[in-house]
Amino acid sequence: MSSTTDLMSYEDALASFDPVMGLEVHVELGTNTKMFCGCSTEFGGEPNSQVCPTCLGLPGALPVVNRTAVESAIRIGLALNCDIAEWCRFARKNYFYPDMPKNFQTSQYDEPIAFGGYLDVEVQGKTYRVGIERAHMEEDTGKSTHVGGATGRIHGADYSLLDYNRCGIPLIEIVTKPIEGAGELAPEIAKAYVAELRDLIKALGVSEARMELGQMRCDANLSLRPHGREKFGTRSETKNVNSLRSVERAIRFEIQRHATVLSEGGTIVQETRHFHEDDGTTTSGRVKEEAEDYRYFPEPDLVPVAPSREWVEELRATLPEKPSARRKRLQAEWGVSDFDMQSVVNAGAVDAIVDTVAAGADSDAARKWWLGELARNANERGVEVTALPITPAQVARVAALVKAGELNDKLARQVIEGVLAGEGDPDAVVEKRGLKVVSDEGALGTAIDEAIAAQAGAVAKIQAGNLGPVGALIGAVMKATRGQADAARVRELILEKLGVS
Amino acid sequence: MADLTRLTAAETAARVASGDVSAVEVAQAHLDRIAEVDGKVHAFLHVDAEGALAAAKAVDDRRAKGDRLGPLAGVPLALKDVFTTKGVPTTCGSKILEGWVPPYDATVTAKLREAGVVILGKTNMDEFAMGSSTENSAYGPTHNPWDLTRIPGGSGGGSAAALAAFEAPLAIGTDTGGSIRQPGAVTGTVGVKPTYGGVSRYGLVAFSSSLDQAGPCARTVLDAALLHATIAGHDPKDSTSIDAPVPDVVGAARSGDVRGLRVGVVKEFGGEGYQPGVEQRFREAVELLRELGAEVVEISCPHFTYAMPAYYLIAPSEASSNLARFDAMRYGLRVGDNGDRSAEEVMSLTREAGFGPEVKRRIMLGTYALSSGYYDAYYGQAQKVRTLIARDFDAAFAQVDVLVSPTTPTTAFPIGERADDPMAMYLADLCTIPSNLAGNAAMSLPCGLAPEDGLPVGLQIIAPTMADDRLYKVGAAVEAGFLAKWGAPLLDQAPAL
């Protein structure tokens, strides 16, 4: 089923069923080297240029654990209020896939580094506590590019290209406990959870957590059960839902799809599903008739990880301010209402605004640009606002030009448009497009004289004390200067000329 | 000049260092010997004459410059084909790796090169070290120099045979269940399995990661010690390598002595299934230990009976995962890639064609033992047995300094005799497996020829973890004691090839 036309409405679905969610989020750690070897993790290198015998799984090569990755995992665990294992091991997850050169993934199985925590998320002013089952360490696989098929998937492809640069990059997988009782807020809670987790990861400085680059990826499990029943229904697992908006949409779609199937007397097949960004639907991936047998066993090439309690406490002491506390602090610093702060959060613009303020803008201006012009642009392009090709420093520069009176808002919007179009820094755009407020009073004077001469009726009313028609004169001047004049200054000059100031 | 191939490694190194002979002459003498006899023995899968002569010349050049040479500089060595060698083929005795030339050196390989040891080539082995006869090599069996119709042991039959055939004075083996010691026993040579983690596994193509241990093979205890000291030590590239000083094995080998030592005879290793001539020579070795001043007691290790079944769950389980990487994607054999088949189909065809029957048997055993629903009953249970065996050793070593047993229940059996009977083949490792499961050190050295067939018998000496030096202390004393009785090294009795 890929069309939405025959789906039960969301409201009807929720009228009959309770959704239960489980979210598995993979985060690529921002370590300098890979999980088990010394290869660089730098993004964007020539394919297969950042590989060695270990991450290529050559016969005889062995892994060595990256201490920084363990440290990051512990910090994530602590920030998620988890217990940190006193002793845990890696395990081999055995399955065949060409982008995994050993044909097993070194992961953790029944002994995760962190377990039993929670993360509080706020949705519509209410706090919802999401239980964390576990956070464990593992290595990423290589990247396959399937060429020649219609779908970009392996089936039907003519051939596949393999890039092992990503192979062995440290990953932390964070798995929630079943999220129950979310009701109609389920999609929003899912989105809020992933957003909160992303903010937390970024605050910890362990990853940039950029979903659009695959640094953070979400698998969304969903099942429905009729109201009042305790037993969970059969779940589907929608893989690689890679933006906050997609998390919300995927959950919403799956709720509707499950409800439709169930209320028609059908059964949900336990399977993985692919999410389609274009129409917000999911389609069947791989059917999991039985749970796949990964034949996990403790990784004999590695020794157990046994973080000392002293080390764990040292790391606990380095934890940054929680994103929720930080938001409260910022809200106070910026002096904005709950509603306005929520808008900032929803737009994913908190950090952008913070960085813009740090670059010299005042918070009102920063907020105005990120939530206005830039949010609109991001929406049109279908990307996160932070993915726009403009930096907080550039936005701060625009704000500074406005504050100095060198740009008005209309011109500033054109400057931003220029920056987004790749025309360079704000100053370069101003220069190239000739976007300066006309402050040459000689040039303005001519335009004003022309406007006064052309609108004798308005002039008479003004001189009689009725200032209403001033706007018409200002409009004429702005038109004549193609918007580049400072409207406030034009008003002053008109009134001065007509002797009413 | 005396035949350079009959010298010990220690003698060879001394003569090279003194300038009495050049390393190139030594290497050439061994290459000539290989050319002369290896057609009959088939110890080598690949002879790297060019590399060997270049390495030998580098040693001679260093000597000419006045550099101080290491204790094994200029000594030729036969390397088991399970270690990666940069630029030199590495097959592990398998068709699936035919033609693979590794881009990197194993740590053992690198240490040998650094020490000026001259690597003559790569030796034959049971495919992926799975076997006790070298008959499981995809490239044909190795023949025992004592009797060419018989097996040289396995999996490291090539390394042991190369020593016994005087094709090399030193060799490297790997011991997962006895693959150094059992070939040592049946060829009348010395083989040591160091404490697990004593020698780096980096670049050792894994069979069973938690059991595999590289070690020295030689014709004398001192030569084995010199090689042991050369390859041992902590390696940051192997997480399981021990970060502690290497026991002074050379010092121990130079001062063999068992006076005042308590020696335990493992009660469980004898009786039914043991060849009478093997038991006889073993009893004589125990008698020799007494004569030399050791106190001998009998020790029971009740859980050793379960070592074999536990081993045949753990080793295949790990192997099933370790060998998963041979999938035709990146290196080695690729079969059936006609452009129409999927990656998965090509992988299946390649593994079908590239692995031999014993490897397939163990992959299947291991895959089954790790399966969901069976894991606890098989792999989990085997790990518990492993703990019990380690406790048996702990209890034994609380009472004695070393344990002794026959290395293997019989002398070399005829090629083909056990090829179709895996269970009979597995029995060859009955006495060696417990030390792999527990990780402690053990040695095999010659203790005579069985009267009924005139073939070598091995004495196994077992020491606690990290007490590898004890093997050499005892081994050197036993070796000297037998030499005094026999008047010449045992190998002098081997037939000319």
# chains A, B, ... in the order shown; residues from 1 in each chain; ligands from 1

call {"tool": "residues_around", "arguments": {"residues": "A:Asn94", "least_positions_apart": "6", "cutoff": "7 Å", "atoms": "only C-alpha atoms", "output": "short mmCIF file (atom, residue, chain, number, x, y, z; two decimals) with C-alpha atoms, in the first residue's frame"}}
result
data_model
loop_
_atom_site.label_atom_id
_atom_site.label_comp_id
_atom_site.auth_asym_id
_atom_site.auth_seq_id
_atom_site.Cartn_x
_atom_site.Cartn_y
_atom_site.Cartn_z
CA ASN A 103 30.30 -10.19 7.53
CA PHE A 104 29.75 -9.54 11.19
CA GLN A 105 29.23 -6.25 12.90
CA TYR A 294 22.35 -13.03 14.19
CA ARG A 295 24.16 -15.70 16.21
CA TYR A 296 25.51 -13.15 18.66
CA SER B 321 32.16 -16.15 12.28
#

call {"tool": "interface_residues", "arguments": {"of": "chain B", "to": "chain A", "cutoff": "7 Å", "atoms": "only C-alpha atoms", "output": "NGL selection string"}}
result
:B and (84 or 202-206 or 209-210 or 237-240 or 321 or 324-325 or 329 or 370-372)

call {"tool": "write_last_selection", "arguments": {"atoms": "N, CA, C and O atoms", "output": "mmCIF file, in the first residue's frame"}}
result
data_model
loop_
_atom_site.group_PDB
_atom_site.id
_atom_site.type_symbol
_atom_site.label_atom_id
_atom_site.label_comp_id
_atom_site.auth_asym_id
_atom_site.auth_seq_id
_atom_site.Cartn_x
_atom_site.Cartn_y
_atom_site.Cartn_z
ATOM 1 N N THR B 84 50.140 -13.203 7.615
ATOM 2 C CA THR B 84 50.219 -12.336 6.445
ATOM 3 C C THR B 84 51.658 -11.887 6.241
ATOM 4 O O THR B 84 52.408 -11.647 7.193
ATOM 5 N N TYR B 202 48.043 -10.321 15.620
ATOM 6 C CA TYR B 202 47.768 -9.398 14.514
ATOM 7 C C TYR B 202 48.405 -9.936 13.237
ATOM 8 O O TYR B 202 49.614 -10.139 13.179
ATOM 9 N N GLY B 203 47.580 -10.194 12.246
ATOM 10 C CA GLY B 203 48.076 -10.746 10.990
ATOM 11 C C GLY B 203 48.110 -12.260 10.957
ATOM 12 O O GLY B 203 48.537 -12.848 9.965
ATOM 13 N N LEU B 204 47.677 -12.877 12.027
ATOM 14 C CA LEU B 204 47.505 -14.332 12.048
ATOM 15 C C LEU B 204 46.058 -14.558 11.608
ATOM 16 O O LEU B 204 45.133 -14.138 12.304
ATOM 17 N N VAL B 205 45.861 -15.181 10.468
ATOM 18 C CA VAL B 205 44.492 -15.333 9.966
ATOM 19 C C VAL B 205 43.734 -16.248 10.930
ATOM 20 O O VAL B 205 44.128 -17.392 11.160
ATOM 21 N N ALA B 206 42.663 -15.707 11.485
ATOM 22 C CA ALA B 206 42.017 -16.355 12.621
ATOM 23 C C ALA B 206 41.287 -17.633 12.241
ATOM 24 O O ALA B 206 40.562 -17.680 11.252
ATOM 25 N N SER B 209 39.631 -17.319 17.497
ATOM 26 C CA SER B 209 40.349 -16.188 18.090
ATOM 27 C C SER B 209 40.729 -16.387 19.549
ATOM 28 O O SER B 209 41.789 -15.948 19.979
ATOM 29 N N SER B 210 39.880 -17.042 20.321
ATOM 30 C CA SER B 210 40.159 -17.148 21.751
ATOM 31 C C SER B 210 41.108 -18.306 22.058
ATOM 32 O O SER B 210 41.493 -18.499 23.210
ATOM 33 N N LYS B 237 48.361 -3.546 18.699
ATOM 34 C CA LYS B 237 47.378 -3.855 17.653
ATOM 35 C C LYS B 237 46.553 -5.098 17.958
ATOM 36 O O LYS B 237 45.644 -5.447 17.227
ATOM 37 N N ASP B 238 46.911 -5.809 19.039
ATOM 38 C CA ASP B 238 46.159 -6.996 19.447
ATOM 39 C C ASP B 238 45.668 -6.769 20.874
ATOM 40 O O ASP B 238 46.446 -6.806 21.828
ATOM 41 N N SER B 239 44.357 -6.537 21.005
ATOM 42 C CA SER B 239 43.797 -6.209 22.327
ATOM 43 C C SER B 239 43.991 -7.336 23.321
ATOM 44 O O SER B 239 43.966 -7.104 24.529
ATOM 45 N N THR B 240 44.131 -8.573 22.826
ATOM 46 C CA THR B 240 44.254 -9.704 23.742
ATOM 47 C C THR B 240 45.708 -10.016 24.062
ATOM 48 O O THR B 240 45.999 -10.991 24.751
ATOM 49 N N SER B 321 32.218 -17.606 12.390
ATOM 50 C CA SER B 321 32.162 -16.150 12.281
ATOM 51 C C SER B 321 33.431 -15.599 11.614
ATOM 52 O O SER B 321 33.364 -14.754 10.720
ATOM 53 N N ALA B 324 33.509 -15.952 7.876
ATOM 54 C CA ALA B 324 32.401 -15.358 7.123
ATOM 55 C C ALA B 324 32.908 -14.339 6.106
ATOM 56 O O ALA B 324 32.266 -14.073 5.101
ATOM 57 N N ARG B 325 34.082 -13.778 6.375
ATOM 58 C CA ARG B 325 34.584 -12.700 5.520
ATOM 59 C C ARG B 325 35.019 -13.193 4.142
ATOM 60 O O ARG B 325 35.210 -12.385 3.238
ATOM 61 N N MET B 329 34.079 -10.946 -2.347
ATOM 62 C CA MET B 329 33.839 -9.546 -2.698
ATOM 63 C C MET B 329 35.135 -8.775 -2.925
ATOM 64 O O MET B 329 35.222 -7.966 -3.823
ATOM 65 N N LEU B 370 25.872 -21.748 17.575
ATOM 66 C CA LEU B 370 25.589 -20.359 17.967
ATOM 67 C C LEU B 370 24.142 -19.973 17.717
ATOM 68 O O LEU B 370 23.719 -18.873 18.068
ATOM 69 N N SER B 371 23.374 -20.865 17.090
ATOM 70 C CA SER B 371 22.015 -20.496 16.701
ATOM 71 C C SER B 371 21.156 -20.204 17.916
ATOM 72 O O SER B 371 21.315 -20.811 18.973
ATOM 73 N N SER B 372 20.232 -19.300 17.679
ATOM 74 C CA SER B 372 19.297 -18.946 18.731
ATOM 75 C C SER B 372 18.528 -20.199 19.148
ATOM 76 O O SER B 372 18.088 -20.979 18.312
#

call {"tool": "atom_distance", "arguments": {"atom1": "atom CA of A:His146", "atom2": "atom CA of B:Asp340"}}
result
15.1 Å

call {"tool": "residues_around", "arguments": {"residues": "stretch 416-418 of chain A", "least_positions_apart": "4", "cutoff": "9 Å", "atoms": "only C-alpha atoms", "output": "list of chain:residue names"}}
result
A:Glu373, A:Leu374, A:Asn377, A:Ile390, A:Gln394, A:Val395, A:Val398, A:Leu411, A:Ala412, A:Gly422, A:Glu423, A:Gly424, A:Asp425, A:Pro426, A:Val429, A:Val430, A:Arg433

call {"tool": "write_last_selection", "arguments": {"atoms": "C-alpha atoms", "output": "compact mmCIF listing (two decimals), in the first residue's frame"}}
result
# COMPACT_ATOMS: atom_id res chain seq x y z
CA GLU A 373 12.74 34.92 6.19
CA LEU A 374 14.98 31.90 6.84
CA ASN A 377 13.05 29.63 2.88
CA ILE A 390 23.91 30.71 5.37
CA GLN A 394 26.27 36.11 7.96
CA VAL A 395 22.85 36.61 9.52
CA VAL A 398 22.78 41.46 7.93
CA LEU A 411 16.83 45.26 1.27
CA ALA A 412 17.98 42.92 4.00
CA GLY A 422 25.52 31.56 -3.28
CA GLU A 423 26.44 35.12 -4.23
CA GLY A 424 28.80 35.45 -1.29
CA ASP A 425 28.85 37.22 2.05
CA PRO A 426 26.26 39.89 2.86
CA VAL A 429 25.80 40.80 -2.11
CA VAL A 430 25.19 44.42 -1.11
CA ARG A 433 23.37 44.05 -6.25

call {"tool": "atom_distance", "arguments": {"atom1": "atom CA of A:Thr260", "atom2": "atom CA of A:Glu237"}}
result
17.1 Å

call {"tool": "select_by_dssp", "arguments": {"residues": "stretch 348-437 of chain B", "states": "alpha helix (DSSP H)", "output": "ChimeraX atom specification"}}
result
/B:348-354,357-370,381-399,422-426,433-437

call {"tool": "atom_distance", "arguments": {"atom1": "atom CA of A:Thr318", "atom2": "atom CA of A:Cys82"}}
result
15.6 Å
